[in-house]
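Trainee: This is upload-v2.tsv, which holds TSV, C-alpha atoms:
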chain	number	residue	atom	x	y	z
A	1	MET	CA	14.04	-10.01	9.62
A	2	GLY	CA	12.96	-13.35	8.25
A	3	THR	CA	11.25	-15.21	5.45
A	4	LEU	CA	8.29	-17.54	5.13
A	5	THR	CA	7.42	-19.93	2.33
A	6	THR	CA	3.83	-19.79	1.14
A	7	THR	CA	1.70	-22.75	0.10
A	8	ASP	CA	2.73	-22.18	-3.55
A	9	ASP	CA	6.45	-22.15	-2.61
A	10	THR	CA	6.91	-18.39	-2.85
A	11	GLU	CA	9.36	-16.91	-0.36
A	12	ILE	CA	8.10	-13.78	1.40
A	13	TYR	CA	10.60	-11.52	3.14
A	14	TYR	CA	9.47	-9.60	6.23
A	15	LYS	CA	10.75	-7.28	8.96
A	16	ASP	CA	9.67	-7.82	12.55
A	17	CYS	CA	10.81	-5.47	15.29
A	18	GLY	CA	9.70	-4.33	18.73
A	19	THR	CA	7.21	-5.87	21.13
A	20	GLY	CA	3.60	-5.22	22.00
A	21	GLN	CA	0.43	-4.98	19.92
A	22	PRO	CA	1.35	-5.76	16.32
A	23	VAL	CA	1.12	-3.11	13.61
A	24	VAL	CA	1.35	-4.71	10.17
A	25	PHE	CA	2.30	-2.51	7.22
A	26	SER	CA	1.51	-3.22	3.55
A	27	HIS	CA	3.45	-1.11	1.04
A	28	GLY	CA	2.50	0.43	-2.30
A	29	TRP	CA	3.52	-0.49	-5.85
A	30	PRO	CA	6.31	-0.80	-6.91
A	31	LEU	CA	8.07	-0.43	-3.55
A	32	SER	CA	9.01	-2.71	-0.65
A	33	ALA	CA	8.79	-2.86	3.14
A	34	ASP	CA	11.65	-0.34	3.23
A	35	ALA	CA	9.19	2.39	2.26
A	36	TRP	CA	7.74	1.98	5.77
A	37	ASP	CA	11.06	2.22	7.64
A	38	ASP	CA	10.25	5.60	9.23
A	39	GLN	CA	6.98	4.24	10.59
A	40	LEU	CA	8.47	0.88	11.63
A	41	PHE	CA	11.02	2.76	13.72
A	42	LEU	CA	8.31	5.06	15.06
A	43	VAL	CA	5.85	2.46	16.29
A	44	ALA	CA	8.50	0.02	17.56
A	45	SER	CA	9.94	2.91	19.57
A	46	HIS	CA	6.53	3.55	21.13
A	47	GLY	CA	5.71	0.12	22.50
A	48	PHE	CA	4.34	-1.68	19.46
A	49	ARG	CA	5.50	-4.65	17.41
A	50	ALA	CA	6.17	-3.46	13.86
A	51	VAL	CA	5.88	-5.92	10.97
A	52	ALA	CA	6.22	-5.25	7.24
A	53	HIS	CA	6.69	-7.63	4.34
A	54	ASP	CA	7.80	-7.34	0.73
A	55	ARG	CA	4.84	-8.33	-1.44
A	56	ARG	CA	5.56	-11.22	-3.81
A	57	GLY	CA	7.39	-9.90	-6.86
A	58	HIS	CA	8.62	-6.89	-4.85
A	59	GLY	CA	11.82	-6.20	-2.93
A	60	ARG	CA	13.54	-9.26	-1.47
A	61	SER	CA	10.63	-11.65	-1.86
A	62	SER	CA	10.51	-14.23	-4.65
A	63	GLN	CA	9.59	-13.10	-8.14
A	64	PRO	CA	7.18	-15.82	-9.28
A	65	TRP	CA	5.62	-15.84	-12.71
A	66	HIS	CA	2.31	-16.78	-11.12
A	67	GLY	CA	0.16	-15.42	-8.31
A	68	ASN	CA	0.60	-11.70	-8.97
A	69	ASP	CA	-3.02	-10.98	-8.17
A	70	MET	CA	-4.89	-9.34	-5.30
A	71	ASP	CA	-6.40	-12.56	-3.92
A	72	THR	CA	-2.96	-14.14	-3.65
A	73	TYR	CA	-1.46	-10.97	-2.14
A	74	ALA	CA	-4.15	-11.14	0.55
A	75	ASP	CA	-3.53	-14.86	1.09
A	76	ASP	CA	0.21	-14.17	1.49
A	77	LEU	CA	-0.62	-11.57	4.13
A	78	ALA	CA	-2.86	-14.10	5.86
A	79	GLN	CA	-0.02	-16.64	5.92
A	80	LEU	CA	2.28	-14.01	7.41
A	81	MET	CA	-0.28	-13.23	10.12
A	82	GLU	CA	-0.70	-16.93	10.88
A	83	THR	CA	3.00	-17.80	10.78
A	84	LEU	CA	3.85	-15.04	13.26
A	85	ASP	CA	0.57	-15.65	15.14
A	86	LEU	CA	-0.32	-11.98	15.03
A	87	ARG	CA	-3.52	-11.12	16.89
A	88	ASP	CA	-5.26	-7.86	17.80
A	89	ALA	CA	-3.27	-6.38	14.93
A	90	VAL	CA	-3.57	-2.96	13.34
A	91	LEU	CA	-3.31	-3.26	9.56
A	92	VAL	CA	-1.83	-0.25	7.74
A	93	GLY	CA	-1.94	-0.17	3.95
A	94	HIS	CA	-0.65	2.46	1.55
A	95	SER	CA	-1.87	2.64	-2.05
A	96	THR	CA	-1.85	-0.93	-3.43
A	97	GLY	CA	-1.17	-2.05	0.12
A	98	GLY	CA	-4.51	-0.53	1.09
A	99	GLY	CA	-6.11	-2.80	-1.48
A	100	GLU	CA	-4.23	-5.73	0.00
A	101	VAL	CA	-5.57	-4.87	3.47
A	102	ALA	CA	-9.11	-4.52	2.12
A	103	ARG	CA	-8.97	-7.83	0.27
A	104	TYR	CA	-7.46	-9.52	3.35
A	105	ILE	CA	-10.43	-8.46	5.48
A	106	GLY	CA	-12.87	-9.25	2.70
A	107	ARG	CA	-11.36	-12.70	2.18
A	108	HIS	CA	-10.15	-13.71	5.65
A	109	GLY	CA	-12.22	-11.62	8.04
A	110	SER	CA	-11.08	-9.59	11.02
A	111	ASP	CA	-10.53	-12.23	13.72
A	112	ARG	CA	-6.88	-11.18	13.99
A	113	VAL	CA	-7.52	-7.48	13.35
A	114	ALA	CA	-8.28	-4.69	15.84
A	115	LYS	CA	-8.08	-1.63	13.59
A	116	ALA	CA	-7.15	-0.60	10.06
A	117	VAL	CA	-5.50	2.39	8.41
A	118	LEU	CA	-5.87	3.12	4.69
A	119	LEU	CA	-3.38	5.71	3.44
A	120	GLY	CA	-3.77	7.03	-0.10
A	121	ALA	CA	-5.31	3.64	-0.76
A	122	VAL	CA	-6.66	2.39	-4.09
A	123	PRO	CA	-10.08	1.13	-2.86
A	124	PRO	CA	-12.81	1.05	-3.77
A	125	LEU	CA	-11.91	1.19	-7.50
A	126	MET	CA	-9.39	3.27	-9.45
A	127	LEU	CA	-10.68	2.50	-12.95
A	128	LYS	CA	-13.26	4.76	-14.56
A	129	THR	CA	-16.45	2.89	-15.43
A	130	GLU	CA	-20.09	3.84	-15.97
A	131	ALA	CA	-20.70	3.12	-12.30
A	132	ASN	CA	-17.46	4.84	-11.24
A	133	PRO	CA	-17.16	8.01	-13.34
A	134	GLU	CA	-14.69	9.57	-10.88
A	135	GLY	CA	-12.07	6.94	-11.69
A	136	LEU	CA	-9.18	7.19	-14.13
A	137	PRO	CA	-9.59	6.01	-17.73
A	138	ILE	CA	-7.98	2.73	-18.79
A	139	GLU	CA	-5.57	4.69	-21.03
A	140	VAL	CA	-3.81	6.00	-17.91
A	141	PHE	CA	-2.97	2.47	-16.82
A	142	ASP	CA	-2.08	1.42	-20.35
A	143	GLU	CA	0.50	4.22	-20.33
A	144	ILE	CA	1.92	2.92	-17.04
A	145	ARG	CA	2.21	-0.57	-18.53
A	146	ALA	CA	3.93	0.83	-21.61
A	147	GLY	CA	6.35	2.85	-19.50
A	148	VAL	CA	7.29	-0.11	-17.31
A	149	ALA	CA	7.75	-2.40	-20.31
A	150	ALA	CA	9.79	0.07	-22.38
A	151	ASP	CA	12.21	1.60	-19.87
A	152	ARG	CA	11.21	0.90	-16.31
A	153	SER	CA	14.27	2.60	-14.82
A	154	GLN	CA	13.51	5.97	-16.40
A	155	PHE	CA	9.78	5.47	-15.83
A	156	TYR	CA	10.32	5.07	-12.08
A	157	LYS	CA	12.61	8.11	-11.96
A	158	ASP	CA	9.92	10.18	-13.64
A	159	LEU	CA	7.11	8.71	-11.54
A	160	SER	CA	8.81	9.73	-8.31
A	161	ALA	CA	8.05	13.40	-9.10
A	162	SER	CA	4.27	13.07	-9.06
A	163	PHE	CA	4.38	10.37	-6.36
A	164	TYR	CA	5.91	12.79	-3.85
A	165	GLY	CA	4.64	16.05	-5.31
A	166	ALA	CA	8.12	17.12	-6.40
A	167	ASN	CA	6.58	18.55	-9.57
A	168	ARG	CA	4.59	21.14	-7.62
A	169	PRO	CA	5.77	24.77	-7.22
A	170	GLY	CA	7.72	25.29	-4.01
A	171	SER	CA	8.29	21.58	-3.43
A	172	THR	CA	11.01	20.74	-0.90
A	173	VAL	CA	11.11	17.01	-1.71
A	174	SER	CA	14.74	15.92	-1.62
A	175	GLN	CA	16.56	14.11	-4.39
A	176	GLY	CA	17.32	11.44	-1.80
A	177	VAL	CA	13.62	10.62	-1.35
A	178	ARG	CA	13.24	10.29	-5.11
A	179	ASP	CA	16.40	8.19	-5.42
A	180	ALA	CA	15.11	5.81	-2.73
A	181	PHE	CA	11.87	5.39	-4.67
A	182	TRP	CA	13.85	4.43	-7.77
A	183	LEU	CA	16.05	2.00	-5.84
A	184	TRP	CA	13.14	0.17	-4.23
A	185	SER	CA	11.22	0.09	-7.52
A	186	MET	CA	14.14	-1.41	-9.42
A	187	GLN	CA	14.29	-4.30	-6.93
A	188	MET	CA	10.91	-5.45	-8.24
A	189	GLY	CA	10.74	-7.98	-11.04
A	190	LEU	CA	9.28	-6.86	-14.36
A	191	LYS	CA	6.57	-9.56	-14.49
A	192	GLY	CA	5.31	-8.77	-11.02
A	193	ALA	CA	5.41	-5.02	-11.71
A	194	TYR	CA	3.48	-5.40	-14.95
A	195	ASP	CA	0.86	-7.77	-13.51
A	196	CYS	CA	0.29	-5.62	-10.43
A	197	ILE	CA	-0.81	-2.63	-12.52
A	198	LYS	CA	-4.01	-4.44	-13.48
A	199	GLN	CA	-4.55	-5.48	-9.86
A	200	PHE	CA	-4.35	-2.03	-8.32
A	201	SER	CA	-6.30	-0.35	-11.11
A	202	GLU	CA	-9.07	-2.78	-12.02
A	203	THR	CA	-9.83	-4.61	-8.77
A	204	ASP	CA	-13.16	-3.58	-7.25
A	205	PHE	CA	-12.90	-3.57	-3.44
A	206	THR	CA	-16.45	-2.39	-2.76
A	207	GLU	CA	-17.64	-5.62	-1.17
A	208	ASP	CA	-14.38	-5.98	0.79
A	209	LEU	CA	-14.85	-2.55	2.36
A	210	LYS	CA	-18.41	-3.46	3.35
A	211	ARG	CA	-16.99	-6.36	5.37
A	212	PHE	CA	-14.87	-4.08	7.57
A	213	ASP	CA	-16.08	-4.29	11.15
A	214	VAL	CA	-13.18	-2.61	12.96
A	215	PRO	CA	-12.39	1.08	13.54
A	216	THR	CA	-10.75	2.40	10.38
A	217	LEU	CA	-8.78	5.58	9.75
A	218	ILE	CA	-8.66	6.72	6.13
A	219	ILE	CA	-6.02	9.33	5.30
A	220	HIS	CA	-5.68	10.91	1.87
A	221	GLY	CA	-3.94	13.94	0.44
A	222	ASP	CA	-6.16	16.20	-1.63
A	223	ASP	CA	-3.29	16.72	-4.10
A	224	ASP	CA	-2.72	13.00	-4.66
A	225	GLN	CA	-1.75	12.75	-8.33
A	226	ILE	CA	-1.55	8.95	-8.31
A	227	VAL	CA	-4.77	7.88	-6.55
A	228	PRO	CA	-7.24	10.79	-6.77
A	229	ILE	CA	-9.14	11.27	-3.53
A	230	VAL	CA	-12.52	11.63	-5.25
A	231	ALA	CA	-12.43	8.02	-6.44
A	232	ALA	CA	-10.74	6.63	-3.33
A	233	GLY	CA	-10.79	8.03	0.20
A	234	GLN	CA	-13.99	10.02	-0.28
A	235	LYS	CA	-15.79	6.90	-1.48
A	236	SER	CA	-14.23	4.40	0.92
A	237	VAL	CA	-15.40	6.32	3.97
A	238	THR	CA	-19.01	5.84	2.84
A	239	LEU	CA	-18.56	2.06	2.56
A	240	VAL	CA	-16.72	1.23	5.80
A	241	LYS	CA	-19.06	1.11	8.81
A	242	ASP	CA	-16.77	2.65	11.43
A	243	ALA	CA	-14.48	4.89	9.39
A	244	THR	CA	-13.04	8.37	9.74
A	245	LEU	CA	-11.61	10.26	6.75
A	246	LYS	CA	-8.80	12.71	7.42
A	247	VAL	CA	-7.82	14.87	4.44
A	248	TYR	CA	-4.36	16.43	4.29
A	249	PRO	CA	-4.58	19.66	2.27
A	250	GLY	CA	-1.93	19.83	-0.45
A	251	ALA	CA	-0.48	16.42	0.39
A	252	PRO	CA	0.85	14.08	-2.32
A	253	HIS	CA	0.47	10.33	-2.69
A	254	GLY	CA	3.69	9.50	-0.85
A	255	LEU	CA	2.92	11.84	2.03
A	256	SER	CA	4.33	9.53	4.72
A	257	ALA	CA	7.86	10.32	3.50
A	258	VAL	CA	7.56	14.07	2.90
A	259	GLY	CA	8.31	16.82	5.43
A	260	LYS	CA	5.42	18.11	7.50
A	261	TYR	CA	3.03	15.59	5.96
A	262	LYS	CA	5.18	12.79	7.36
A	263	GLU	CA	5.17	14.45	10.78
A	264	ASP	CA	1.39	14.82	10.69
A	265	PHE	CA	0.86	11.25	9.54
A	266	ASN	CA	3.17	9.86	12.23
A	267	ALA	CA	1.32	11.82	14.91
A	268	ASP	CA	-2.08	10.71	13.61
A	269	LEU	CA	-0.93	7.10	13.34
A	270	LEU	CA	0.31	7.02	16.94
A	271	ALA	CA	-2.86	8.71	18.18
A	272	PHE	CA	-5.00	6.13	16.37
A	273	LEU	CA	-2.90	3.23	17.69
A	274	ASN	CA	-3.30	4.52	21.23
A	275	SER	CA	-7.02	5.34	20.95
Translate the structure of the given file into structure tokens.
Mentor:
Amino acid sequence: MGTLTTTDDTEIYYKDCGTGQPVVFSHGWPLSADAWDDQLFLVASHGFRAVAHDRRGHGRSSQPWHGNDMDTYADDLAQLMETLDLRDAVLVGHSTGGGEVARYIGRHGSDRVAKAVLLGAVPPLMLKTEANPEGLPIEVFDEIRAGVAADRSQFYKDLSASFYGANRPGSTVSQGVRDAFWLWSMQMGLKGAYDCIKQFSETDFTEDLKRFDVPTLIIHGDDDQIVPIVAAGQKSVTLVKDATLKVYPGAPHGLSAVGKYKEDFNADLLAFLNS
């Protein structure tokens, strides 16, 4: 574990464990690096170096009033890569973290990157527009903003149901998984949480995805209630040159923490790392 100070004096917390080819994890909103603990343990136990940071405003990183935008998130990731001198890295991004990975490659290139994994990721664009009719209307994100601003604690407790599919018939999602989601979410500052909603919903990553020039695995659940697959994974695979889309039937947004979906994702992740 450690911290780095960015060029705008923001402190970024990160975890760094194991040795070998680096695998760098970017988490979703409004979580922290802890959301990747299962996978950090997994890859570090199989001969890889596992690295995950708390995005600015999230977790144990600083909560600046400024810089809560996708370009700065990507620049923070670049500074982490440079500070730790990570090369031949595999970038793994979930949800908003998938946007961060896309913007990193779009903005900084792939000199330090060997492969990429996008899991339930927000690219290319979540917002519904004339050119993106499969997206979600702006009112959906306005409701998220209102919920965070009014009573973020209860909002996060409620959000955990759809995030993990606990609102589906026959769900076996534990209360512990949902409680962890609430705990990590409450560690995030309100300003950063509020600002990030615009970033994950309105940022267009189309040109970033076109800059990908490394093998890319795109994984998406077809019952993702947070980032619908029709506007995300199914579109991203057509924009990335060397991409494979793997669809998990019935899987929710937070599939990497849920039962058999977690087992399947862990197996697919290791297979991709070793390919």
Trainee: Report the closest atom pair, with its distance in Å rounded to one decimal, for each residue of stretch 14-104 of chain A that has an atom no farther than 7 Å from stretch 181-189 of chain A; count all atoms listed in the file, sort by chain and then rising residue number, and write it as CSV.
Mentor:
residue,atom,partner,partner_atom,distance
A:Pro30,CA,A:Ser185,CA,5.0
A:Leu31,CA,A:Ser185,CA,5.1
A:Ser32,CA,A:Trp184,CA,6.2
A:Gly57,CA,A:Gly189,CA,5.7
A:His58,CA,A:Met188,CA,4.3
A:Gly59,CA,A:Gln187,CA,5.1
A:Gln63,CA,A:Gly189,CA,6.0
Trainee: In Å, with one decimal, what is the gap from atom CA of A:His108 to atom CA of A:Gly135?
Mentor: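 Pair atom CA of A:His108 / atom CA of A:Gly135 returns 27.0 Å.
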Trainee: In Å, rounded to a single decimal, give me how far atom CA of A:Gly109 is from atom CA of A:Asp71.
Mentor: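 Atom CA of A:Gly109 lies at a distance of 13.3 Å from atom CA of A:Asp71.
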Trainee: Here is a test: counting only C-alpha atoms, which residue of A:Asp9, A:Ala166, A:Ile144, A:Ser160 is nearest to A:Ala180?
Mentor: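 Distance minimum relative to A:Ala180 lands on A:Ser160.
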Trainee: So what do you get for atom CA of A:Phe25 versus atom CA of A:Trp65, distance-wise?
Mentor: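 Answer for the atom CA of A:Phe25 to atom CA of A:Trp65 separation: 24.2 Å.
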Trainee: Can you build me a table of stretch 96-134 of chain A residues sitting at most 9 Å from stretch 203-216 of chain A, with the closest atom pair per residue and its distance in Å to one decimal, using all atoms listed in the file, sorted by chain and residue number, as a Markdown table?
Mentor:
| residue | atom | partner | partner_atom | distance |
| --- | --- | --- | --- | --- |
| A:Gly99 | CA | A:Phe205 | CA | 7.1 |
| A:Ala102 | CA | A:Asp208 | CA | 5.6 |
| A:Arg103 | CA | A:Asp208 | CA | 5.7 |
| A:Tyr104 | CA | A:Asp208 | CA | 8.2 |
| A:Ile105 | CA | A:Phe212 | CA | 6.6 |
| A:Gly106 | CA | A:Asp208 | CA | 4.1 |
| A:Arg107 | CA | A:Asp208 | CA | 7.5 |
| A:Gly109 | CA | A:Arg211 | CA | 7.6 |
| A:Ser110 | CA | A:Asp213 | CA | 7.3 |
| A:Val113 | CA | A:Val214 | CA | 7.5 |
| A:Ala114 | CA | A:Val214 | CA | 6.1 |
| A:Lys115 | CA | A:Pro215 | CA | 5.1 |
| A:Ala116 | CA | A:Thr216 | CA | 4.7 |
| A:Val117 | CA | A:Thr216 | CA | 5.6 |
| A:Leu118 | CA | A:Thr216 | CA | 7.5 |
| A:Val122 | CA | A:Phe205 | CA | 8.7 |
| A:Pro123 | CA | A:Phe205 | CA | 5.5 |
| A:Pro124 | CA | A:Phe205 | CA | 4.6 |
| A:Leu125 | CA | A:Asp204 | CA | 4.9 |
| A:Met126 | CA | A:Thr203 | CA | 7.9 |
| A:Leu127 | CA | A:Thr203 | CA | 8.3 |
Trainee: Taking into account all atoms listed in the file, which residue in the set A:Asp88, A:Asp242, A:Asp158, A:Glu202 is nearest to A:Asp142?
Mentor: A:Glu202
Trainee: Restricting the calculation to only C-alpha atoms: of A:Ala52, A:Val101, A:Trp29, A:Met70, which residue gets closest to A:Tyr156?
Mentor: A:Trp29
Trainee: Would you mind telling me which residue in A:Leu255, A:Ala149, A:Leu40, A:Ala121 lies nearest to A:Phe200 when using only C-alpha atoms?
Mentor: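 Using only C-alpha atoms, the shortest distance to A:Phe200 belongs to A:Ala121.
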Trainee: Fewer than 3 positions away in the same chain doesn't count, so skip those; otherwise give me all residues within 7 Å of stretch 243-250 of chain A, counting only C-alpha atoms, as number ranges by chain.
Mentor: A: 215-223, 233, 237, 240
Trainee: Could you check the closest approach to A:His53 for each of A:Gln79, A:Ser26, A:Gln199, A:Thr72 and tell me which residue wins, using all atoms listed in the file?
Mentor: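 Residue with the minimum atom-to-atom distance to A:His53: A:Ser26.
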Trainee: Which residues, written as a list in words, have at least one atom at most 9 Å from A:Leu86, with all atoms listed in the file counted and residues fewer than 5 positions away on the same chain left out?
Mentor: Gln21, Pro22, Val24, Leu80, Met81, Arg112 and Val113 of chain A
Trainee: Would you mind exporting the chosen residues as a PDB file, in the frame of the given file, restricted to C-alpha atoms?
Mentor:
ATOM      1  CA  GLN A  21       0.430  -4.980  19.920  1.00  0.00           C
ATOM      2  CA  PRO A  22       1.350  -5.760  16.320  1.00  0.00           C
ATOM      3  CA  VAL A  24       1.350  -4.710  10.170  1.00  0.00           C
ATOM      4  CA  LEU A  80       2.280 -14.010   7.410  1.00  0.00           C
ATOM      5  CA  MET A  81      -0.280 -13.230  10.120  1.00  0.00           C
ATOM      6  CA  ARG A 112      -6.880 -11.180  13.990  1.00  0.00           C
ATOM      7  CA  VAL A 113      -7.520  -7.480  13.350  1.00  0.00           C
TER       8      VAL A 113
END
Trainee: Using all atoms listed in the file, can you list as a list in words the residues within 9 Å of (-0.3, -7.7, -10.2)?
Mentor: Gly57, Gly67, Asn68, Asp69, Met70, Tyr73, Lys191, Gly192, Ala193, Tyr194, Asp195, Cys196, Ile197, Lys198, Gln199 and Phe200 of chain A
Trainee: Work out where the centre of an axis-aligned box around every listed atom of stretch 64-82 of chain A lies and how long its edges are once 5 Å is added on each side; give both in Å to one decimal as lines of an AutoDock Vina configuration file.
Mentor:
center_x = 0.4
center_y = -13.1
center_z = -0.9
size_x = 23.6
size_y = 17.6
size_z = 33.6
Trainee: Tell me which of A:Ala44, A:Val140, A:Ala35, A:Ala78 sits closest to A:Thr7, counting all atoms listed in the file.
Mentor: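 Closest to A:Thr7, using all atoms listed in the file: A:Ala78.
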Trainee: Using all atoms listed in the file, find each residue of stretch 109-179 of chain A with at least one atom at most 12 Å away from an atom of stretch 256-265 of chain A; report its shortest atom-to-atom pair and that distance in Å (one decimal), sort the rows by chain and rising residue number, and return the result as JSON lines.
Mentor:
{"residue": "A:Val117", "atom": "CA", "partner": "A:Phe265", "partner_atom": "CA", "distance": 11.0}
{"residue": "A:Leu118", "atom": "CA", "partner": "A:Phe265", "partner_atom": "CA", "distance": 11.6}
{"residue": "A:Leu119", "atom": "CA", "partner": "A:Ser256", "partner_atom": "CA", "distance": 8.7}
{"residue": "A:Gly120", "atom": "CA", "partner": "A:Ser256", "partner_atom": "CA", "distance": 9.8}
{"residue": "A:Ser160", "atom": "CA", "partner": "A:Ala257", "partner_atom": "CA", "distance": 11.9}
{"residue": "A:Phe163", "atom": "CA", "partner": "A:Ala257", "partner_atom": "CA", "distance": 10.5}
{"residue": "A:Tyr164", "atom": "CA", "partner": "A:Val258", "partner_atom": "CA", "distance": 7.1}
{"residue": "A:Gly165", "atom": "CA", "partner": "A:Val258", "partner_atom": "CA", "distance": 8.9}
{"residue": "A:Ala166", "atom": "CA", "partner": "A:Val258", "partner_atom": "CA", "distance": 9.8}
{"residue": "A:Ser171", "atom": "CA", "partner": "A:Val258", "partner_atom": "CA", "distance": 9.8}
{"residue": "A:Thr172", "atom": "CA", "partner": "A:Gly259", "partner_atom": "CA", "distance": 7.9}
{"residue": "A:Val173", "atom": "CA", "partner": "A:Val258", "partner_atom": "CA", "distance": 6.5}
{"residue": "A:Ser174", "atom": "CA", "partner": "A:Val258", "partner_atom": "CA", "distance": 8.7}
{"residue": "A:Gln175", "atom": "CA", "partner": "A:Val258", "partner_atom": "CA", "distance": 11.6}
{"residue": "A:Gly176", "atom": "CA", "partner": "A:Ala257", "partner_atom": "CA", "distance": 10.9}
{"residue": "A:Val177", "atom": "CA", "partner": "A:Ala257", "partner_atom": "CA", "distance": 7.5}
{"residue": "A:Arg178", "atom": "CA", "partner": "A:Ala257", "partner_atom": "CA", "distance": 10.2}
